[in-house]
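Source file start-v7.csv; content: CSV, C-alpha atoms.
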chain,number,residue,atom,x,y,z
A,103,MET,CA,185.4,242.9,32.5
A,104,GLY,CA,185.5,239.9,30.2
A,105,ARG,CA,189.1,240.7,29.0
A,106,GLN,CA,190.1,241.4,32.6
A,107,LEU,CA,188.9,237.9,33.6
A,108,GLU,CA,190.7,236.3,30.7
A,109,THR,CA,193.9,238.1,31.6
A,110,TYR,CA,193.6,237.2,35.3
A,111,PHE,CA,193.0,233.5,34.7
A,112,ARG,CA,195.7,233.2,32.0
A,113,GLU,CA,198.2,234.8,34.4
A,114,PHE,CA,196.9,232.8,37.3
A,115,MET,CA,197.3,229.5,35.5
A,116,ASN,CA,200.7,230.5,34.0
A,117,GLY,CA,201.9,231.2,37.5
A,118,ILE,CA,201.3,227.7,38.8
A,119,ARG,CA,204.4,225.7,39.2
A,120,ALA,CA,203.7,222.0,38.9
A,121,GLY,CA,204.9,220.1,42.0
A,122,HIS,CA,205.8,217.0,40.1
A,123,ALA,CA,207.3,218.7,37.0
A,124,PHE,CA,210.1,216.6,35.4
A,125,ASP,CA,213.6,217.6,36.5
A,126,PRO,CA,216.3,216.1,34.3
A,127,GLU,CA,218.8,216.6,37.1
A,128,ALA,CA,216.7,214.6,39.6
A,129,ASP,CA,216.7,210.9,40.1
A,130,ARG,CA,214.3,209.6,37.5
A,131,GLU,CA,213.0,206.6,39.4
A,132,GLN,CA,212.3,208.6,42.5
A,133,TRP,CA,210.4,211.1,40.3
A,134,ARG,CA,208.4,208.5,38.6
A,135,THR,CA,207.5,206.7,41.8
A,136,ALA,CA,206.3,209.8,43.5
A,137,ALA,CA,204.6,211.2,40.4
A,138,VAL,CA,202.7,208.0,39.7
A,139,ALA,CA,201.5,207.8,43.3
A,140,ARG,CA,200.3,211.5,43.1
A,141,LEU,CA,198.6,210.9,39.7
A,142,LYS,CA,196.6,208.0,41.1
A,143,GLU,CA,195.7,210.1,44.1
A,144,LEU,CA,194.4,212.9,42.0
A,145,LEU,CA,192.4,210.5,39.8
A,146,GLY,CA,190.6,209.5,43.0
A,147,GLY,CA,192.6,206.4,43.9
A,148,PHE,CA,192.1,202.8,42.8
A,149,PRO,CA,190.5,200.0,44.8
A,150,GLU,CA,193.0,198.1,47.0
A,151,GLU,CA,191.3,194.8,46.1
A,152,LYS,CA,190.0,194.0,42.6
A,153,ALA,CA,186.6,192.4,42.1
A,154,PRO,CA,186.6,189.1,40.2
A,155,LEU,CA,186.3,189.8,36.5
A,156,ALA,CA,183.6,187.2,35.9
A,157,PRO,CA,183.9,187.5,32.1
A,158,VAL,CA,180.8,186.5,30.0
A,159,ALA,CA,180.8,186.3,26.2
A,160,THR,CA,177.5,187.4,24.8
A,161,GLU,CA,178.2,187.4,21.0
A,162,CYS,CA,180.7,186.1,18.4
A,163,VAL,CA,180.6,187.1,14.8
A,164,ALA,CA,183.0,186.0,12.0
A,165,LEU,CA,183.8,188.9,9.7
A,166,ASP,CA,186.1,189.7,6.8
A,167,GLY,CA,189.6,189.1,8.2
A,168,TYR,CA,188.7,188.9,11.9
A,169,THR,CA,186.3,187.7,14.5
A,170,ARG,CA,184.3,190.1,16.7
A,171,GLU,CA,183.3,188.9,20.2
A,172,ARG,CA,181.4,190.9,22.7
A,173,VAL,CA,182.4,190.3,26.3
A,174,GLU,CA,181.3,191.8,29.7
A,175,ILE,CA,183.5,192.0,32.7
A,176,THR,CA,183.2,193.4,36.3
A,177,THR,CA,185.4,196.4,36.8
A,178,PHE,CA,184.4,197.9,40.2
A,179,GLU,CA,182.3,195.8,42.5
A,180,GLY,CA,178.7,196.0,41.1
A,181,LEU,CA,179.7,197.6,37.9
A,182,ARG,CA,179.9,195.7,34.6
A,183,MET,CA,181.7,196.9,31.4
A,184,PRO,CA,181.1,195.6,27.9
A,185,MET,CA,184.0,195.2,25.5
A,186,TYR,CA,184.6,194.0,22.0
A,187,VAL,CA,187.4,191.6,21.4
A,188,LEU,CA,188.7,191.4,17.8
A,189,THR,CA,190.8,188.4,16.8
A,190,PRO,CA,192.6,188.3,13.5
A,191,GLU,CA,191.6,185.5,11.1
A,192,ARG,CA,193.9,182.5,11.1
A,193,ALA,CA,195.9,183.8,14.0
A,194,GLU,CA,198.6,181.4,15.1
A,195,GLY,CA,200.0,181.4,18.7
A,196,PRO,CA,199.6,184.1,21.3
A,197,LEU,CA,199.3,187.5,19.6
A,198,PRO,CA,200.5,191.0,20.7
A,199,ALA,CA,197.5,192.9,21.9
A,200,VAL,CA,196.2,196.5,21.9
A,201,ILE,CA,193.6,198.1,24.1
A,202,ALA,CA,191.6,200.5,21.9
A,203,CYS,CA,189.9,203.5,23.7
A,204,HIS,CA,187.2,205.5,21.8
A,205,GLY,CA,186.6,209.2,22.3
A,206,HIS,CA,183.3,211.1,22.3
A,207,GLY,CA,180.7,209.7,20.0
A,208,TYR,CA,178.3,206.8,20.4
A,209,GLY,CA,180.6,204.5,22.3
A,210,VAL,CA,182.7,201.5,21.6
A,211,LYS,CA,180.6,200.5,18.5
A,212,ASP,CA,182.1,203.7,16.9
A,213,ILE,CA,185.5,202.0,16.6
A,214,VAL,CA,184.6,198.4,15.8
A,215,GLY,CA,182.7,198.9,12.5
A,216,LEU,CA,179.2,199.1,14.0
A,217,GLU,CA,176.4,201.7,13.7
A,218,PRO,CA,174.7,202.9,16.9
A,219,ASP,CA,172.0,200.3,16.6
A,220,GLY,CA,174.5,197.5,16.4
A,221,SER,CA,174.2,196.9,12.7
A,222,GLU,CA,177.3,196.7,10.5
A,223,ARG,CA,178.9,199.9,9.4
A,224,ARG,CA,177.1,201.5,6.4
A,225,GLY,CA,178.5,205.0,6.2
A,226,ASP,CA,181.5,207.1,7.0
A,227,PRO,CA,183.5,205.9,10.0
A,228,GLY,CA,184.1,209.5,11.1
A,229,LEU,CA,186.9,210.7,13.3
A,230,HIS,CA,187.5,207.2,14.8
A,231,LYS,CA,188.0,205.5,11.4
A,232,ASP,CA,187.2,202.1,12.9
A,233,PHE,CA,190.7,202.0,14.2
A,234,ALA,CA,190.1,198.9,16.4
A,235,VAL,CA,189.3,197.0,13.2
A,236,ALA,CA,192.4,198.4,11.5
A,237,LEU,CA,194.5,197.2,14.4
A,238,ALA,CA,193.0,193.7,14.2
A,239,ARG,CA,193.6,193.6,10.5
A,240,ARG,CA,197.2,194.5,11.3
A,241,GLY,CA,197.5,191.3,13.3
A,242,PHE,CA,196.8,192.5,16.9
A,243,LEU,CA,194.4,190.9,19.3
A,244,VAL,CA,192.3,194.0,20.1
A,245,VAL,CA,190.2,194.7,23.2
A,246,ALA,CA,188.0,197.7,23.0
A,247,PRO,CA,186.2,198.7,26.2
A,248,GLU,CA,183.1,200.9,26.4
A,249,LEU,CA,184.1,203.9,28.4
A,250,LEU,CA,181.9,204.9,31.3
A,251,GLY,CA,179.2,207.4,30.2
A,252,PHE,CA,178.9,206.3,26.6
A,253,GLY,CA,176.8,203.9,24.6
A,254,GLU,CA,175.3,201.2,26.8
A,255,ARG,CA,176.8,202.8,29.9
A,256,ARG,CA,174.5,205.9,30.2
A,257,PHE,CA,171.7,207.0,32.4
A,258,ALA,CA,168.4,206.3,30.8
A,259,GLU,CA,167.5,210.0,30.6
A,260,ASP,CA,170.7,210.7,28.7
A,261,ALA,CA,170.3,207.7,26.4
A,262,ALA,CA,166.9,209.2,25.4
A,263,GLY,CA,168.8,212.1,23.9
A,264,GLY,CA,170.1,210.1,21.0
A,265,PRO,CA,173.2,207.8,20.3
A,266,LYS,CA,175.8,210.6,20.7
A,267,ALA,CA,174.4,212.0,24.0
A,268,ASN,CA,176.5,211.0,27.0
A,269,SER,CA,176.3,210.8,30.7
A,270,CYS,CA,179.8,212.4,31.3
A,271,PHE,CA,178.5,215.3,33.4
A,272,ARG,CA,176.1,213.4,35.6
A,273,ILE,CA,178.6,210.6,36.3
A,274,ALA,CA,181.5,213.0,36.9
A,275,ALA,CA,179.3,215.1,39.3
A,276,HIS,CA,178.5,212.0,41.4
A,277,LEU,CA,182.1,211.0,41.5
A,278,LEU,CA,183.5,214.4,42.3
A,279,MET,CA,181.1,214.7,45.3
A,280,ALA,CA,182.7,211.5,46.6
A,281,GLY,CA,186.3,212.6,45.9
A,282,LYS,CA,186.6,210.5,42.8
A,283,THR,CA,186.9,211.4,39.1
A,284,LEU,CA,185.5,210.1,35.9
A,285,ALA,CA,189.0,210.0,34.4
A,286,GLY,CA,190.1,207.8,37.3
A,287,TYR,CA,187.2,205.4,36.8
A,288,ARG,CA,187.8,205.1,33.1
A,289,THR,CA,191.6,204.6,33.7
A,290,PHE,CA,191.0,201.9,36.3
A,291,GLU,CA,188.4,200.2,34.1
A,292,THR,CA,190.8,200.2,31.2
A,293,LEU,CA,193.4,198.5,33.3
A,294,ARG,CA,190.8,195.8,34.2
A,295,ALA,CA,190.7,195.1,30.4
A,296,VAL,CA,194.5,194.4,30.7
A,297,ASP,CA,193.7,192.1,33.6
A,298,TYR,CA,191.2,190.3,31.3
A,299,LEU,CA,193.8,190.1,28.5
A,300,GLU,CA,196.3,188.4,30.9
A,301,GLY,CA,193.8,185.5,31.3
A,302,ARG,CA,193.5,184.9,27.5
A,303,ALA,CA,195.6,182.2,26.0
A,304,ASP,CA,195.6,183.9,22.6
A,305,GLY,CA,197.2,187.1,23.9
A,306,ARG,CA,200.8,188.0,24.8
A,307,ALA,CA,200.7,189.5,28.3
A,308,ASP,CA,204.2,190.8,27.8
A,309,ARG,CA,203.3,192.7,24.6
A,310,VAL,CA,200.3,194.8,25.4
A,311,GLY,CA,199.9,198.3,24.0
A,312,ILE,CA,197.2,200.9,24.1
A,313,MET,CA,195.8,203.4,21.6
A,314,GLY,CA,193.2,206.1,22.2
A,315,ILE,CA,191.7,209.2,20.6
A,316,SER,CA,190.6,212.4,22.3
A,317,GLY,CA,189.0,211.5,25.6
A,318,GLY,CA,190.2,208.0,24.9
A,319,GLY,CA,193.7,209.5,24.4
A,320,LEU,CA,193.5,210.9,28.0
A,321,VAL,CA,192.6,207.4,29.2
A,322,ALA,CA,195.4,205.7,27.1
A,323,ALA,CA,198.0,208.2,28.3
A,324,PHE,CA,197.1,207.9,32.0
A,325,ALA,CA,196.6,204.2,31.9
A,326,ALA,CA,200.1,203.8,30.4
A,327,ALA,CA,201.5,206.3,32.8
A,328,VAL,CA,200.5,204.4,35.9
A,329,ASP,CA,200.8,200.8,34.7
A,330,GLU,CA,204.0,199.4,33.1
A,331,ARG,CA,202.2,196.4,31.8
A,332,LEU,CA,201.3,198.7,28.9
A,333,ARG,CA,204.5,198.4,26.8
A,334,ALA,CA,203.7,201.0,24.2
A,335,ALA,CA,201.1,203.8,23.8
A,336,VAL,CA,199.6,205.8,21.0
A,337,VAL,CA,197.9,209.0,22.2
A,338,SER,CA,195.9,210.6,19.4
A,339,GLY,CA,194.3,214.0,19.5
A,340,TYR,CA,195.1,214.7,23.2
A,341,ALA,CA,198.8,215.4,23.9
A,342,ASN,CA,198.9,219.2,24.3
A,343,THR,CA,199.2,221.8,27.0
A,344,PHE,CA,196.4,222.4,29.5
A,345,GLN,CA,196.4,226.1,28.7
A,346,GLY,CA,196.3,225.5,25.0
A,347,SER,CA,193.5,222.9,25.0
A,348,ILE,CA,191.1,222.2,27.9
A,349,LEU,CA,191.6,225.6,29.5
A,350,ASP,CA,191.3,227.4,26.2
A,351,ARG,CA,187.6,226.5,25.5
A,352,ASN,CA,184.7,224.7,27.0
A,353,HIS,CA,185.5,221.0,27.1
A,354,CYS,CA,183.7,218.0,28.4
A,355,ILE,CA,184.0,217.7,32.2
A,356,ASP,CA,185.8,214.4,31.8
A,357,ASN,CA,188.9,216.3,31.1
A,358,TYR,CA,189.1,218.1,34.4
A,359,ILE,CA,190.8,216.6,37.4
A,360,PRO,CA,191.0,218.7,40.6
A,361,GLY,CA,194.6,219.7,41.4
A,362,LEU,CA,196.1,218.2,38.2
A,363,SER,CA,197.8,221.4,37.0
A,364,ALA,CA,199.3,222.0,40.4
A,365,ALA,CA,201.0,218.7,40.1
A,366,PHE,CA,201.8,218.3,36.4
A,367,ALA,CA,202.1,219.9,33.1
A,368,MET,CA,200.3,217.6,30.7
A,369,SER,CA,203.6,216.6,29.2
A,370,ASP,CA,204.9,215.6,32.7
A,371,ALA,CA,201.9,213.3,33.2
A,372,ILE,CA,202.2,211.7,29.8
A,373,GLY,CA,206.0,211.6,30.2
A,374,LEU,CA,205.5,209.0,32.9
A,375,VAL,CA,205.2,206.5,30.1
A,376,ALA,CA,209.0,207.0,29.5
A,377,PRO,CA,211.2,205.2,28.7
A,378,ARG,CA,208.5,202.9,27.2
A,379,PRO,CA,207.6,203.6,23.5
A,380,LEU,CA,205.2,206.5,23.0
A,381,LEU,CA,203.7,208.0,19.8
A,382,ILE,CA,201.5,211.0,19.7
A,383,GLU,CA,199.2,212.0,16.8
A,384,SER,CA,198.0,215.5,16.0
A,385,GLY,CA,196.1,216.8,13.0
A,386,ASP,CA,197.0,220.2,11.7
A,387,LYS,CA,193.4,221.3,11.6
A,388,ASP,CA,192.5,220.0,15.1
A,389,LYS,CA,190.6,222.8,16.9
A,390,VAL,CA,190.0,220.7,20.0
A,391,PHE,CA,193.6,220.0,20.9
A,392,PRO,CA,195.4,222.4,18.5
A,393,ARG,CA,198.6,221.8,16.6
A,394,GLY,CA,200.8,224.6,18.2
A,395,PRO,CA,200.5,223.4,21.8
A,396,ALA,CA,200.7,219.8,20.6
A,397,ILE,CA,204.2,220.6,19.2
A,398,GLU,CA,205.1,222.3,22.6
A,399,ALA,CA,204.0,219.1,24.4
A,400,TYR,CA,206.1,217.0,22.0
A,401,GLU,CA,209.2,219.1,22.6
A,402,ALA,CA,208.7,218.7,26.4
A,403,LEU,CA,208.3,215.0,25.9
A,404,ARG,CA,211.5,214.9,23.9
A,405,ALA,CA,213.4,216.4,26.8
A,406,ILE,CA,212.0,213.7,29.1
A,407,TYR,CA,212.9,210.9,26.7
A,408,ALA,CA,216.3,212.3,26.2
A,409,ALA,CA,217.0,212.3,29.9
A,410,TYR,CA,216.2,208.5,29.8
A,411,GLY,CA,218.4,208.0,26.8
A,412,ALA,CA,215.3,206.8,25.0
A,413,GLU,CA,214.8,209.3,22.2
A,414,ASP,CA,214.3,206.5,19.7
A,415,ARG,CA,211.2,205.3,21.6
A,416,LEU,CA,209.3,208.6,21.2
A,417,ARG,CA,207.6,209.4,17.9
A,418,ALA,CA,205.1,212.0,16.6
A,419,ASP,CA,202.8,211.9,13.6
A,420,PHE,CA,201.8,215.5,12.8
A,421,PHE,CA,199.5,214.7,10.0
A,422,SER,CA,197.2,216.7,7.7
A,423,GLY,CA,193.7,216.4,9.1
A,424,GLY,CA,191.4,217.4,12.0
A,425,HIS,CA,190.5,216.0,15.3
A,426,GLU,CA,190.7,212.4,14.2
A,427,ILE,CA,192.7,209.2,14.2
A,428,GLY,CA,195.7,209.4,11.8
A,429,GLY,CA,196.9,205.8,11.7
A,430,ALA,CA,199.3,206.0,8.8
A,431,VAL,CA,202.3,205.8,11.1
A,432,ALA,CA,200.7,204.4,14.3
A,433,TYR,CA,199.7,200.9,13.1
A,434,ASP,CA,203.1,200.0,11.7
A,435,TRP,CA,204.9,201.7,14.7
A,436,LEU,CA,202.9,199.6,17.1
A,437,ALA,CA,203.7,196.5,15.2
A,438,SER,CA,207.4,197.3,15.4
A,439,MET,CA,207.2,198.0,19.1
A,440,LEU,CA,205.1,195.0,20.1
A,441,GLY,CA,205.8,192.5,17.4
A,442,ASP,CA,208.2,189.5,17.4
A,443,GLY,CA,211.9,190.1,17.7
A,444,GLU,CA,213.7,191.5,20.6
A,445,GLU,CA,212.0,191.5,24.0
A,446,ALA,CA,209.5,194.4,24.2
A,447,PRO,CA,210.9,197.4,26.1
Please express the file's structure as structure tokens.
Amino acid sequence: MGRQLETYFREFMNGIRAGHAFDPEADREQWRTAAVARLKELLGGFPEEKAPLAPVATECVALDGYTRERVEITTFEGLRMPMYVLTPERAEGPLPAVIACHGHGYGVKDIVGLEPDGSERRGDPGLHKDFAVALARRGFLVVAPELLGFGERRFAEDAAGGPKANSCFRIAAHLLMAGKTLAGYRTFETLRAVDYLEGRADGRADRVGIMGISGGGLVAAFAAAVDERLRAAVVSGYANTFQGSILDRNHCIDNYIPGLSAAFAMSDAIGLVAPRPLLIESGDKDKVFPRGPAIEAYEALRAIYAAYGAEDRLRADFFSGGHEIGGAVAYDWLASMLGDGEEAP
């Protein structure tokens, strides 16, 4: 019976025809307008009116090459989100900025050089490789939000399970019962970080990018898909096919959005970033979002970017490694896309 079930559901999912699949013969702007509206709807919708951000800085530490500031903002009415803002040392003038989105682990501290208890990094930085710090040292103003369900943003019962325990299931269950999704909440909250950046004199509002790994890659992809203020995106350890990744094994519930496959292939949803610059990273030993389907997704994205005449704005780094940040190509690529020179695309 097990094999029968596997066969049935594989054929069932393969038989779904995405209602908003990219059609190179169709009007691209009409496709994007309708597809963005549908993606927002599937995510659970965003508030029509935004709550005041009411930013409060709670900490500022000078470190080697950059300053780390902890800031809290309001995202949804009644919901606060902590972020770390990393500013390069001796920065002159408004800087290009990057929103950095962590994946599963112990939260935002995992990408800004901190241990779970808030002390400075002592050991191996793991799959995240302190990439927010690497971006700051590359000259970016970096805003790293703590995604809902991790770190300080967990139910007390889950926090008692240790630093890497999360509240993804419990929060997602609450939201699904109300017709909302955890992916939608995280996407909207990340866009509130962009709102915050727009109010900082030391950041370039016209040169904001985003980079995320794994579950943070989902957030980076969807945030850039629905909001053109994000001028370039790096999606690490996520771009794939649904059948080859989140439907091929048990994943965290934060990956599942009701009706998403009936509307989009993953490449269609990520392809909404086009024609803005997009780079995807994939490790050849990644067992969470495997290499083969990642290449399939890249080829589908190439077709979308070709239809826009923007092949030069799509890049892939298929590196040797596992489910982890690559970075060898991404940091310089972001600098070339968001740095000084011609107006950002």
Write out as a compact mmCIF listing (two decimals) with C-alpha atoms, in the frame of the given file each polymer residue whose atoms come within 10 Å of Asn268 (chain A), counting only C-alpha atoms; drop sequence neighbours fewer than 6 positions from it.
# COMPACT_ATOMS: atom_id res chain seq x y z
CA HIS A 206 183.30 211.10 22.30
CA GLY A 207 180.70 209.70 20.00
CA TYR A 208 178.30 206.80 20.40
CA GLY A 209 180.60 204.50 22.30
CA LEU A 250 181.90 204.90 31.30
CA GLY A 251 179.20 207.40 30.20
CA PHE A 252 178.90 206.30 26.60
CA GLY A 253 176.80 203.90 24.60
CA GLU A 254 175.30 201.20 26.80
CA ARG A 255 176.80 202.80 29.90
CA ARG A 256 174.50 205.90 30.20
CA PHE A 257 171.70 207.00 32.40
CA GLU A 259 167.50 210.00 30.60
CA ASP A 260 170.70 210.70 28.70
CA ALA A 261 170.30 207.70 26.40
CA ALA A 262 166.90 209.20 25.40
Skipping near chain neighbours, those fewer than 6 positions away, what residues fall within 8 Å of Val390 (chain A) using all atoms listed in the file, listed as a ChimeraX atom specification? /A:339,347,425
From the options A:Ala334, A:Val163, A:Leu284, A:Ala412, which residue's atoms come nearest to Phe271 (chain A), counting all atoms listed in the file?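 For Phe271 (chain A), the nearest of the candidates is A:Leu284.
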Shell around His204 (chain A) at 12 Å using all atoms listed in the file, local window under 2 positions removed, as a ChimeraX atom specification: /A:185-186,201-202,206-214,228-234,245-253,288,292,312-322,337-339,426-427
Find the residues around Gly424 (chain A) up to 7 Å (all atoms listed in the file counted), leave out those fewer than 4 positions away in its own chain, and share them as a ChimeraX atom specification. /A:385-388
Can you measure CA of Leu293 (chain A) to CA of Val375 (chain A) for me? One decimal in Å is fine.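 Computing it gives 14.6 Å between the two atoms.
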Just to confirm, what's the straight-line distance from CA of Gly361 (chain A) to CA of Met103 (chain A) in Å (one decimal)? 26.5 Å
Minimum-distance residue to Ala371 (chain A), chosen among A:Leu197, A:Ile359, A:Leu299, A:Ala137 (using only C-alpha atoms):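 Of A:Leu197, A:Ile359, A:Leu299, A:Ala137, the one nearest Ala371 (chain A), counting only C-alpha atoms, is A:Ala137.
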So which one's closest to Val138 (chain A), A:Gly428, A:Gly373, A:Pro196, A:Pro392? Using all atoms listed in the file, please.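 Once distances to Val138 (chain A) are computed over all atoms listed in the file, the minimum belongs to A:Gly373.
Of note, CA of Gly429 (chain A) and CA of Cys203 (chain A) are spaced 14.1 Å apart.
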Can you tell me, as a ChimeraX atom specification, what residues are no more than 9 Å from Pro360 (chain A) when counting only C-alpha atoms, ignoring any on the same chain fewer than 4 positions away? /A:144-145,278,283,364
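Proximity ranking of A:His122, A:Arg134, A:Gly147, A:Phe420 relative to Ala327 (chain A) places A:Arg134 first, based on only C-alpha atoms.
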Identify which of the residues A:Gln345, A:Thr289, A:Thr109, A:Thr169 lies closest to Ala367 (chain A), counting all atoms listed in the file when measuring atom-to-atom distances.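 The answer is A:Gln345, which sits nearest to Ala367 (chain A).
A cut-off of 9 Å from the point (193.9, 196.0, 16.5), with only C-alpha atoms, picks out the residues A:Leu188, A:Thr189, A:Pro190, A:Ala199, A:Val200, A:Ile201, A:Ala202, A:Phe233, A:Ala234, A:Val235, A:Ala236, A:Leu237, A:Ala238, A:Arg239, A:Arg240, A:Gly241, A:Phe242, A:Leu243, A:Val244, A:Val245, A:Ala246, A:Tyr433.
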Select all residues near (212.1, 215.3, 29.9) (cut-off 9 Å, inclusive, file coordinates), counting all atoms listed in the file, and output them as a PyMOL selection string. chain A and resi 124-126+369-370+373+376+401-410
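Taking all atoms listed in the file into account, Glu413 (chain A) lies nearest to A:Leu380 out of the set A:Leu440, A:Leu380, A:Ala267, A:Ala430.
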